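This is protein_8.cif. It holds mmCIF, C-alpha atoms.
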```cif
data_protein
#
loop_
_atom_site.label_atom_id
_atom_site.label_comp_id
_atom_site.auth_asym_id
_atom_site.auth_seq_id
_atom_site.Cartn_x
_atom_site.Cartn_y
_atom_site.Cartn_z
CA GLY F 209 74.55 159.35 98.61
CA ASP F 210 71.45 157.19 98.91
CA GLU F 211 70.92 154.48 96.33
CA GLY F 212 67.42 153.94 95.03
CA PRO F 213 65.78 151.76 92.41
CA GLY F 214 67.25 153.86 89.59
CA ALA F 215 70.82 153.74 90.84
CA ARG F 216 73.31 152.89 88.08
CA GLU F 217 75.01 150.19 90.13
CA ARG F 218 74.68 148.49 93.46
CA VAL F 219 77.83 147.67 95.39
CA ILE F 220 76.96 144.56 97.34
CA CYS F 221 79.98 144.78 99.63
CA LYS F 222 83.56 145.90 99.56
CA ARG F 223 86.90 144.86 100.98
CA SER F 224 90.27 146.62 100.98
CA GLU F 225 92.95 145.41 98.58
CA GLU F 226 95.49 145.76 101.37
CA PRO F 227 95.78 142.51 103.38
CA GLY F 228 94.08 142.60 106.74
CA VAL F 229 92.24 145.87 106.18
CA ALA F 230 88.50 145.23 106.16
CA MET F 231 86.17 147.74 104.58
CA ALA F 232 82.94 145.82 105.07
CA ALA F 233 80.87 146.07 108.21
CA THR F 234 78.45 143.38 107.19
CA VAL F 235 78.33 139.88 108.60
CA GLY F 236 79.96 137.40 106.23
CA VAL F 237 81.73 140.20 104.37
CA LEU F 238 82.20 138.65 100.95
CA ALA F 239 79.46 136.06 101.04
CA PHE F 240 77.90 138.69 98.86
CA VAL F 241 75.81 136.62 96.49
CA LEU F 242 72.11 137.42 96.56
CA TRP F 243 71.45 133.78 95.71
CA GLY F 244 67.76 133.74 94.82
CA SER F 245 66.97 137.32 93.92
CA LEU F 246 70.09 138.04 91.87
CA ALA F 247 69.73 134.90 89.78
CA ALA F 248 66.08 135.64 89.08
CA ALA F 249 66.73 139.29 88.26
CA GLN F 250 69.08 138.77 85.32
CA GLY F 251 67.61 139.39 81.89
CA PRO F 252 67.86 141.79 78.98
CA CYS F 253 69.23 145.18 80.03
CA ASP F 254 66.57 147.87 79.99
CA GLY F 255 68.77 150.93 80.44
CA GLU F 256 68.01 151.40 84.13
CA ALA F 257 71.22 149.72 85.25
CA GLY F 258 74.66 149.61 83.70
CA THR F 259 76.02 146.63 81.80
CA LEU F 260 79.19 144.88 82.89
CA ALA F 261 81.04 146.77 80.17
CA ASP F 262 79.73 150.04 81.63
CA LEU F 263 80.73 149.14 85.18
CA VAL F 264 84.28 148.21 84.15
CA SER F 265 84.69 151.41 82.13
CA ASP F 266 83.40 153.53 85.01
CA ARG F 267 85.95 152.19 87.50
CA SER F 268 89.11 154.24 87.92
CA ASP F 269 90.97 151.16 89.22
CA LEU F 270 90.19 148.97 86.19
CA ILE F 271 91.92 150.95 83.43
CA TYR F 272 94.12 148.05 82.26
CA LEU F 273 91.15 145.69 82.13
CA THR F 274 89.12 148.26 80.19
CA ARG F 275 91.86 148.45 77.56
CA ALA F 276 92.18 144.68 77.39
CA LEU F 277 88.43 144.24 76.87
CA GLU F 278 88.53 146.76 74.03
CA GLU F 279 91.55 145.10 72.37
CA THR F 280 89.94 141.64 72.49
CA ASN F 281 86.42 142.79 71.48
CA LEU F 282 85.05 141.34 74.71
CA LYS F 283 83.71 144.74 75.69
CA LEU F 284 80.98 144.29 73.08
CA ALA F 285 80.11 140.85 74.43
CA LEU F 286 79.78 142.28 77.95
CA GLN F 287 77.16 144.70 76.64
CA GLY F 288 74.97 141.71 75.73
CA PRO F 289 72.33 140.02 77.86
CA GLY F 290 74.54 137.55 79.73
CA PRO F 291 74.43 136.72 82.50
CA TYR F 292 78.17 136.70 83.06
CA VAL F 293 80.49 136.89 86.05
CA VAL F 294 83.57 139.01 85.42
CA PHE F 295 86.51 138.55 87.79
CA ALA F 296 88.12 141.93 87.29
CA PRO F 297 91.80 142.29 88.27
CA THR F 298 92.56 145.76 89.56
CA ASP F 299 95.26 147.91 88.01
CA GLY F 300 97.43 147.01 90.97
CA ALA F 301 97.07 143.33 90.10
CA PHE F 302 98.28 143.97 86.54
CA GLU F 303 101.21 146.01 87.83
CA ARG F 304 102.28 143.20 90.17
CA ILE F 305 102.59 140.54 87.45
CA THR F 306 105.67 138.44 88.22
CA GLU F 307 104.82 135.23 86.35
CA THR F 308 106.35 135.62 82.91
CA GLY F 309 104.16 132.82 81.56
CA LEU F 310 101.14 135.10 81.80
CA LEU F 311 102.78 137.54 79.43
CA ASP F 312 103.24 134.77 76.84
CA LEU F 313 99.54 133.92 76.71
CA PRO F 314 97.29 135.33 73.99
CA LEU F 315 95.56 138.32 75.54
CA SER F 316 92.16 137.01 74.45
CA ASP F 317 92.69 133.71 76.31
CA LEU F 318 93.89 135.47 79.44
CA ILE F 319 90.93 137.86 79.59
CA GLN F 320 88.34 135.23 78.58
CA TYR F 321 89.57 133.11 81.50
CA HIS F 322 88.35 135.86 83.83
CA VAL F 323 84.77 135.70 82.47
CA LEU F 324 82.19 133.06 83.37
CA PRO F 325 79.36 132.50 80.85
CA SER F 326 75.79 131.82 81.92
CA ASP F 327 76.40 128.26 83.16
CA GLY F 328 79.43 129.39 85.17
CA TYR F 329 77.39 132.32 86.50
CA ARG F 330 74.71 129.97 87.83
CA ALA F 331 77.30 127.62 89.31
CA TYR F 332 79.01 130.53 91.04
CA LEU F 333 75.76 131.67 92.60
CA ASP F 334 75.26 128.16 93.96
CA VAL F 335 78.49 128.28 96.00
CA ARG F 336 77.81 128.74 99.72
CA PRO F 337 80.20 129.56 102.56
CA GLY F 338 81.96 126.39 103.67
CA ASP F 339 81.06 124.41 100.52
CA PRO F 340 83.75 122.37 98.74
CA THR F 341 85.72 124.27 96.13
CA ALA F 342 83.71 124.67 92.93
CA ALA F 343 85.14 124.25 89.42
CA LEU F 344 83.74 126.90 87.06
CA SER F 345 83.92 126.98 83.27
CA THR F 346 85.04 130.19 81.57
CA LEU F 347 84.86 131.72 78.10
CA CYS F 348 88.38 130.48 77.35
CA ARG F 349 87.92 127.27 75.34
CA THR F 350 91.57 126.21 75.62
CA CYS F 351 91.81 126.83 79.37
CA GLY F 352 90.88 124.57 82.22
CA ASP F 353 88.31 125.59 84.81
CA LEU F 354 88.94 128.18 87.48
CA THR F 355 87.99 127.37 91.05
CA ALA F 356 86.19 129.37 93.70
CA SER F 357 85.40 128.85 97.35
CA ILE F 358 83.82 130.90 100.10
CA ALA F 359 85.23 130.54 103.60
CA PRO F 360 82.80 130.31 106.53
CA GLY F 361 83.76 133.89 107.37
CA GLY F 362 82.79 135.06 103.90
CA LEU F 363 86.13 135.51 102.11
CA VAL F 364 85.92 134.49 98.43
CA THR F 365 89.09 132.77 97.18
CA ILE F 366 89.83 132.12 93.52
CA ASN F 367 92.14 129.37 92.28
CA GLY F 368 93.21 128.27 95.73
CA GLY F 369 94.40 131.69 96.84
CA GLU F 370 95.77 133.05 93.59
CA ALA F 371 93.36 135.94 94.14
CA THR F 372 90.66 136.99 96.58
CA ALA F 373 87.56 139.04 95.93
CA LEU F 374 87.60 142.68 96.96
CA ASP F 375 84.07 143.81 96.11
CA ALA F 376 81.11 142.81 93.98
CA THR F 377 78.75 144.99 91.99
CA GLU F 378 75.53 143.89 90.36
CA ALA F 379 75.02 144.80 86.70
CA CYS F 380 71.93 144.36 84.58
CA ASN F 381 73.64 141.45 82.80
CA GLY F 382 75.64 139.81 85.55
CA LEU F 383 78.08 140.37 88.38
CA LEU F 384 81.36 142.29 88.48
CA VAL F 385 83.77 140.90 91.08
CA THR F 386 87.02 142.82 91.48
CA VAL F 387 89.97 140.66 92.53
CA ASN F 388 93.44 141.45 93.80
CA GLY F 389 95.37 139.21 91.43
CA LEU F 390 95.53 138.05 87.83
CA LEU F 391 94.27 134.50 87.33
CA SER F 392 96.57 132.00 85.58
CA PRO F 393 94.63 129.66 83.29
CA PRO F 394 95.57 126.00 83.31
CA LEU F 395 95.89 125.35 79.60
CA THR F 396 94.39 122.32 77.92
CA PRO F 397 95.20 121.09 74.40
CA ALA F 398 93.23 123.03 71.84
CA GLU F 399 90.70 120.94 69.98
CA PRO F 400 90.27 121.37 66.23
CA SER F 401 87.81 124.15 65.59
CA ASP F 402 84.57 122.71 64.28
CA PRO F 403 81.56 125.00 64.52
CA SER F 404 79.23 122.01 64.18
CA ASP F 405 80.51 120.49 67.44
CA GLY F 406 78.38 120.81 70.53
CA PRO F 407 74.74 120.13 71.36
CA ASP F 408 73.61 123.70 70.73
CA ALA F 409 75.23 124.20 67.31
CA GLU F 410 72.68 123.95 64.50
CA CYS F 411 74.24 124.33 61.06
CA SER F 412 72.95 125.26 57.66
CA PRO F 413 72.53 122.29 55.27
CA SER F 414 73.93 124.39 52.41
CA ASP F 415 76.82 125.85 54.42
CA PRO F 416 78.12 123.56 57.21
CA ALA F 417 80.40 126.36 58.43
CA CYS F 418 77.40 128.59 59.13
CA CYS F 419 76.16 127.49 62.54
CA ASP F 420 74.15 128.80 65.44
CA LEU F 421 76.22 129.38 68.56
CA GLN F 422 73.54 129.90 71.18
CA PRO F 423 73.83 133.22 73.04
CA PRO F 424 73.96 133.24 76.82
CA GLY F 425 70.73 133.59 78.71
CA VAL F 426 67.30 132.10 78.17
CA TYR F 427 66.46 133.41 74.69
CA SER F 428 66.97 131.20 71.63
CA CYS F 429 68.42 132.32 68.30
CA ALA F 430 64.91 132.43 66.83
CA GLU F 431 63.77 134.69 69.66
CA GLN F 432 66.81 136.94 69.29
CA ARG F 433 65.98 137.31 65.59
CA ALA F 434 62.35 138.10 66.44
CA PHE F 435 63.58 140.75 68.90
CA ASN F 436 65.68 142.33 66.07
CA LYS F 437 68.91 141.60 67.95
CA CYS F 438 70.81 140.03 65.03
CA ASP F 439 72.69 143.19 64.05
CA GLU F 440 73.66 144.27 67.55
CA PRO F 441 77.44 144.27 68.10
CA TRP F 442 77.41 141.73 70.95
CA MET F 443 75.60 139.23 68.69
CA ILE F 444 78.04 139.70 65.82
CA VAL F 445 81.14 139.44 68.04
CA GLY F 446 79.79 136.58 70.15
CA ASN F 447 81.90 135.26 73.00
CA GLY F 448 85.22 135.97 71.32
CA ASN F 449 85.21 132.59 69.57
CA GLY F 450 82.62 133.44 66.92
CA GLY F 451 79.36 135.31 66.54
CA PHE F 452 76.09 134.12 68.03
CA CYS F 453 73.26 132.77 65.83
CA GLN F 454 75.07 133.07 62.50
CA ARG F 455 72.71 130.71 60.68
CA THR F 456 69.47 132.13 62.08
CA CYS F 457 70.63 135.69 61.51
CA GLY F 458 71.72 134.98 57.93
CA ARG F 459 75.41 135.79 58.36
CA GLY F 460 76.67 132.74 56.42
CA GLY F 461 76.48 131.37 52.93
CA GLY F 462 73.37 129.42 53.88
CA GLY F 463 71.72 132.21 55.80
CA GLY F 464 68.56 132.15 53.76
CA ASP F 465 67.57 128.59 54.57
CA TYR F 466 66.50 129.06 58.20
CA GLU F 467 62.91 128.07 58.81
#
```
What do you get writing this file as structure tokens?
Amino acid sequence: GDEGPGARERVICKRSEEPGVAMAATVGVLAFVLWGSLAAAQGPCDGEAGTLADLVSDRSDLIYLTRALEETNLKLALQGPGPYVVFAPTDGAFERITETGLLDLPLSDLIQYHVLPSDGYRAYLDVRPGDPTAALSTLCRTCGDLTASIAPGGLVTINGGEATALDATEACNGLLVTVNGLLSPPLTPAEPSDPSDGPDAECSPSDPACCDLQPPGVYSCAEQRAFNKCDEPWMIVGNGNGGFCQRTCGRGGGGGDYE
């Protein structure tokens, strides 16, 4: 049927999972990124469009990914403001796993590697057909970057051909890109966990373990608290590595000292 302004989702373009079978009649099939307008449109979800979590759950070919997001608590994060890019392996991709090393990885690392946070989202939107391969950071802190490139003809390739994009759907908090293969994260040595590390971690003087991990998007922890977002599930769960804005929201021993 026709899609109007209130449509739940907008499929930007689509491609068959079977090699050589094109399902897009547009020029530059998978050069699907609406570079300026999509980047400007992302913000808090207002209920008129589905979140990334909604889009994944609604897809009949993403059942395995839906279960994995639920098991790792990432489904709650993908209901937050984002913006994120989710590279979503189809059920067929999960069923074709042949690399036993993937099965040895923690599920949370594997799934986080398929999700780009806000900086990766912006970098992905900057990739143009024919540009050099781009390295993109993911939610997985112990994984190396994934790479993406867009051929002059429009085909989006991930990790040098490990997977290609099949279709892309805009959500109110990012972009869902279905892919025909599971992505293998290059693992890097895990650094000691220190919540005070990083330029955007502000910790409580009375409880150094109670820090502010800044949420994705343009709103600060103080603004999220003013918007009464502190108790929303996506804020409490965070990005899978800890909740957002713990100090500002008073979820640590020094929660009362925020000014």
Would you list the contacts of Pro393 in chain F as a list of chain:residue names, taking every protein, DNA or RNA residue within 8 Å and counting all atoms listed in the file, but skipping same-chain residues closer than 2 positions in sequence? F:Leu318, F:Tyr321, F:Cys351, F:Gly352, F:Asp353, F:Leu354, F:Leu391, F:Leu395
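The shortest atom-to-atom distance to Ile271 in chain F, with all atoms listed in the file taken into account, belongs to F:Ala296 out of F:Val323, F:Asp420, F:Glu378, F:Ala296.
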List, as a PyMOL selection string, every residue that the PyMOL selection byres ((chain F and resi 274) around 10) selects in the file provided. chain F and resi 261-273+275-279+282-283+296+299
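Going from CA of Ser357 in chain F over to CA of Thr306 in chain F, you cover 24.2 Å.
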Return the single residue from F:Ala430, F:Ile444, F:Thr298, F:Ile319 that is closest to Thr386 in chain F, with distances computed using only C-alpha atoms. F:Thr298
Restricting the calculation to all atoms listed in the file: of F:Gly328, F:His322, F:Asn381, F:Leu363, which residue gets closest to Pro297 in chain F? F:His322
Looking at only C-alpha atoms, which of F:Asn367, F:Pro360, F:Leu284, F:Thr372 is the one that sits closest to Leu344 in chain F? F:Asn367
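Counting from CA of Ser316 in chain F, the distance to CA of Thr280 in chain F is 5.5 Å.
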Could you spell out the hits of the PyMOL selection byres ((chain F and resi 330) around 10) on the shown file, as a list in words? Trp243, Ala247, Pro291, Tyr292, Val293, Leu324, Pro325, Ser326, Asp327, Gly328, Tyr329, Ala331, Tyr332, Leu333, Asp334, Val335 and Leu344 of chain F
Please produce a file of those selected residues containing C-alpha atoms, as a tab-separated table (two decimals), keeping the file's coordinate frame.
```
chain	number	residue	atom	x	y	z
F	243	TRP	CA	71.45	133.78	95.71
F	247	ALA	CA	69.73	134.90	89.78
F	291	PRO	CA	74.43	136.72	82.50
F	292	TYR	CA	78.17	136.70	83.06
F	293	VAL	CA	80.49	136.89	86.05
F	324	LEU	CA	82.19	133.06	83.37
F	325	PRO	CA	79.36	132.50	80.85
F	326	SER	CA	75.79	131.82	81.92
F	327	ASP	CA	76.40	128.26	83.16
F	328	GLY	CA	79.43	129.39	85.17
F	329	TYR	CA	77.39	132.32	86.50
F	331	ALA	CA	77.30	127.62	89.31
F	332	TYR	CA	79.01	130.53	91.04
F	333	LEU	CA	75.76	131.67	92.60
F	334	ASP	CA	75.26	128.16	93.96
F	335	VAL	CA	78.49	128.28	96.00
F	344	LEU	CA	83.74	126.90	87.06
```
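Here CA of Arg336 in chain F and CA of Arg349 in chain F stand 26.4 Å from one another.
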Using only C-alpha atoms, the best pick from F:Gly389, F:Pro423, F:Pro289, F:Pro337 as closest to Gly369 in chain F would be F:Gly389
Which residue out of F:Leu260, F:Cys419, F:Ala371, F:Ile358 has the minimum interatomic distance to Gly458 in chain F when only C-alpha atoms are used? F:Cys419
Rebuild all heavy atoms on range 330-341 of chain F, as an mmCIF file, in the frame of the given file?
```cif
data_model
loop_
_atom_site.group_PDB
_atom_site.id
_atom_site.type_symbol
_atom_site.label_atom_id
_atom_site.label_comp_id
_atom_site.auth_asym_id
_atom_site.auth_seq_id
_atom_site.Cartn_x
_atom_site.Cartn_y
_atom_site.Cartn_z
ATOM 1 N N ARG F 330 75.649 130.680 86.953
ATOM 2 C CA ARG F 330 74.710 129.970 87.830
ATOM 3 C C ARG F 330 75.452 129.106 88.838
ATOM 4 O O ARG F 330 75.073 129.031 90.012
ATOM 5 C CB ARG F 330 73.756 129.125 86.983
ATOM 6 C CG ARG F 330 72.739 129.959 86.203
ATOM 7 C CD ARG F 330 71.712 129.074 85.530
ATOM 8 N NE ARG F 330 72.281 128.300 84.443
ATOM 9 C CZ ARG F 330 72.314 128.722 83.189
ATOM 10 N NH1 ARG F 330 71.833 129.914 82.868
ATOM 11 N NH2 ARG F 330 72.835 127.961 82.249
ATOM 12 N N ALA F 331 76.526 128.446 88.392
ATOM 13 C CA ALA F 331 77.300 127.620 89.310
ATOM 14 C C ALA F 331 77.948 128.453 90.403
ATOM 15 O O ALA F 331 78.010 128.040 91.569
ATOM 16 C CB ALA F 331 78.367 126.840 88.532
ATOM 17 N N TYR F 332 78.396 129.646 90.050
ATOM 18 C CA TYR F 332 79.010 130.530 91.040
ATOM 19 C C TYR F 332 77.997 130.968 92.089
ATOM 20 O O TYR F 332 78.299 131.033 93.284
ATOM 21 C CB TYR F 332 79.617 131.742 90.332
ATOM 22 C CG TYR F 332 80.363 132.691 91.242
ATOM 23 C CD1 TYR F 332 81.504 132.278 91.912
ATOM 24 C CD2 TYR F 332 79.936 134.001 91.426
ATOM 25 C CE1 TYR F 332 82.200 133.140 92.746
ATOM 26 C CE2 TYR F 332 80.621 134.869 92.255
ATOM 27 C CZ TYR F 332 81.752 134.433 92.908
ATOM 28 O OH TYR F 332 82.431 135.281 93.738
ATOM 29 N N LEU F 333 76.788 131.253 91.639
ATOM 30 C CA LEU F 333 75.760 131.670 92.600
ATOM 31 C C LEU F 333 75.359 130.542 93.531
ATOM 32 O O LEU F 333 74.800 130.789 94.603
ATOM 33 C CB LEU F 333 74.519 132.189 91.864
ATOM 34 C CG LEU F 333 74.661 133.473 91.055
ATOM 35 C CD1 LEU F 333 73.297 133.958 90.592
ATOM 36 C CD2 LEU F 333 75.353 134.561 91.850
ATOM 37 N N ASP F 334 75.620 129.312 93.123
ATOM 38 C CA ASP F 334 75.260 128.160 93.960
ATOM 39 C C ASP F 334 76.281 127.899 95.062
ATOM 40 O O ASP F 334 76.022 127.100 95.964
ATOM 41 C CB ASP F 334 75.125 126.903 93.097
ATOM 42 C CG ASP F 334 73.829 126.892 92.303
ATOM 43 O OD1 ASP F 334 72.889 127.625 92.684
ATOM 44 O OD2 ASP F 334 73.758 126.145 91.297
ATOM 45 N N VAL F 335 77.463 128.514 94.990
ATOM 46 C CA VAL F 335 78.490 128.280 96.000
ATOM 47 C C VAL F 335 78.092 128.963 97.302
ATOM 48 O O VAL F 335 77.717 130.141 97.314
ATOM 49 C CB VAL F 335 79.865 128.811 95.527
ATOM 50 C CG1 VAL F 335 80.928 128.554 96.588
ATOM 51 C CG2 VAL F 335 80.259 128.155 94.205
ATOM 52 N N ARG F 336 78.164 128.218 98.395
ATOM 53 C CA ARG F 336 77.810 128.740 99.720
ATOM 54 C C ARG F 336 79.052 128.730 100.617
ATOM 55 O O ARG F 336 79.989 127.951 100.384
ATOM 56 C CB ARG F 336 76.721 127.887 100.367
ATOM 57 C CG ARG F 336 75.426 127.768 99.576
ATOM 58 C CD ARG F 336 74.680 129.097 99.539
ATOM 59 N NE ARG F 336 73.319 128.965 99.067
ATOM 60 C CZ ARG F 336 72.936 128.975 97.808
ATOM 61 N NH1 ARG F 336 73.858 129.093 96.860
ATOM 62 N NH2 ARG F 336 71.665 128.865 97.466
ATOM 63 N N PRO F 337 79.072 129.583 101.623
ATOM 64 C CA PRO F 337 80.200 129.560 102.560
ATOM 65 C C PRO F 337 80.398 128.176 103.153
ATOM 66 O O PRO F 337 79.446 127.538 103.613
ATOM 67 C CB PRO F 337 79.787 130.582 103.628
ATOM 68 C CG PRO F 337 78.879 131.523 102.914
ATOM 69 C CD PRO F 337 78.119 130.671 101.943
ATOM 70 N N GLY F 338 81.636 127.696 103.118
ATOM 71 C CA GLY F 338 81.960 126.390 103.670
ATOM 72 C C GLY F 338 81.788 125.240 102.714
ATOM 73 O O GLY F 338 82.182 124.111 103.022
ATOM 74 N N ASP F 339 81.204 125.472 101.514
ATOM 75 C CA ASP F 339 81.060 124.410 100.520
ATOM 76 C C ASP F 339 82.420 123.976 99.990
ATOM 77 O O ASP F 339 83.395 124.738 100.049
ATOM 78 C CB ASP F 339 80.218 124.898 99.339
ATOM 79 C CG ASP F 339 78.728 124.863 99.610
ATOM 80 O OD1 ASP F 339 78.339 124.409 100.711
ATOM 81 O OD2 ASP F 339 77.955 125.297 98.733
ATOM 82 N N PRO F 340 82.508 122.763 99.423
ATOM 83 C CA PRO F 340 83.750 122.370 98.740
ATOM 84 C C PRO F 340 84.054 123.340 97.601
ATOM 85 O O PRO F 340 83.164 124.002 97.067
ATOM 86 C CB PRO F 340 83.418 120.967 98.195
ATOM 87 C CG PRO F 340 82.286 120.480 99.035
ATOM 88 C CD PRO F 340 81.496 121.702 99.417
ATOM 89 N N THR F 341 85.306 123.401 97.231
ATOM 90 C CA THR F 341 85.720 124.270 96.130
ATOM 91 C C THR F 341 84.974 123.891 94.856
ATOM 92 O O THR F 341 84.856 122.717 94.512
ATOM 93 C CB THR F 341 87.232 124.143 95.913
ATOM 94 O OG1 THR F 341 87.912 124.582 97.098
ATOM 95 C CG2 THR F 341 87.688 124.997 94.735
#
```
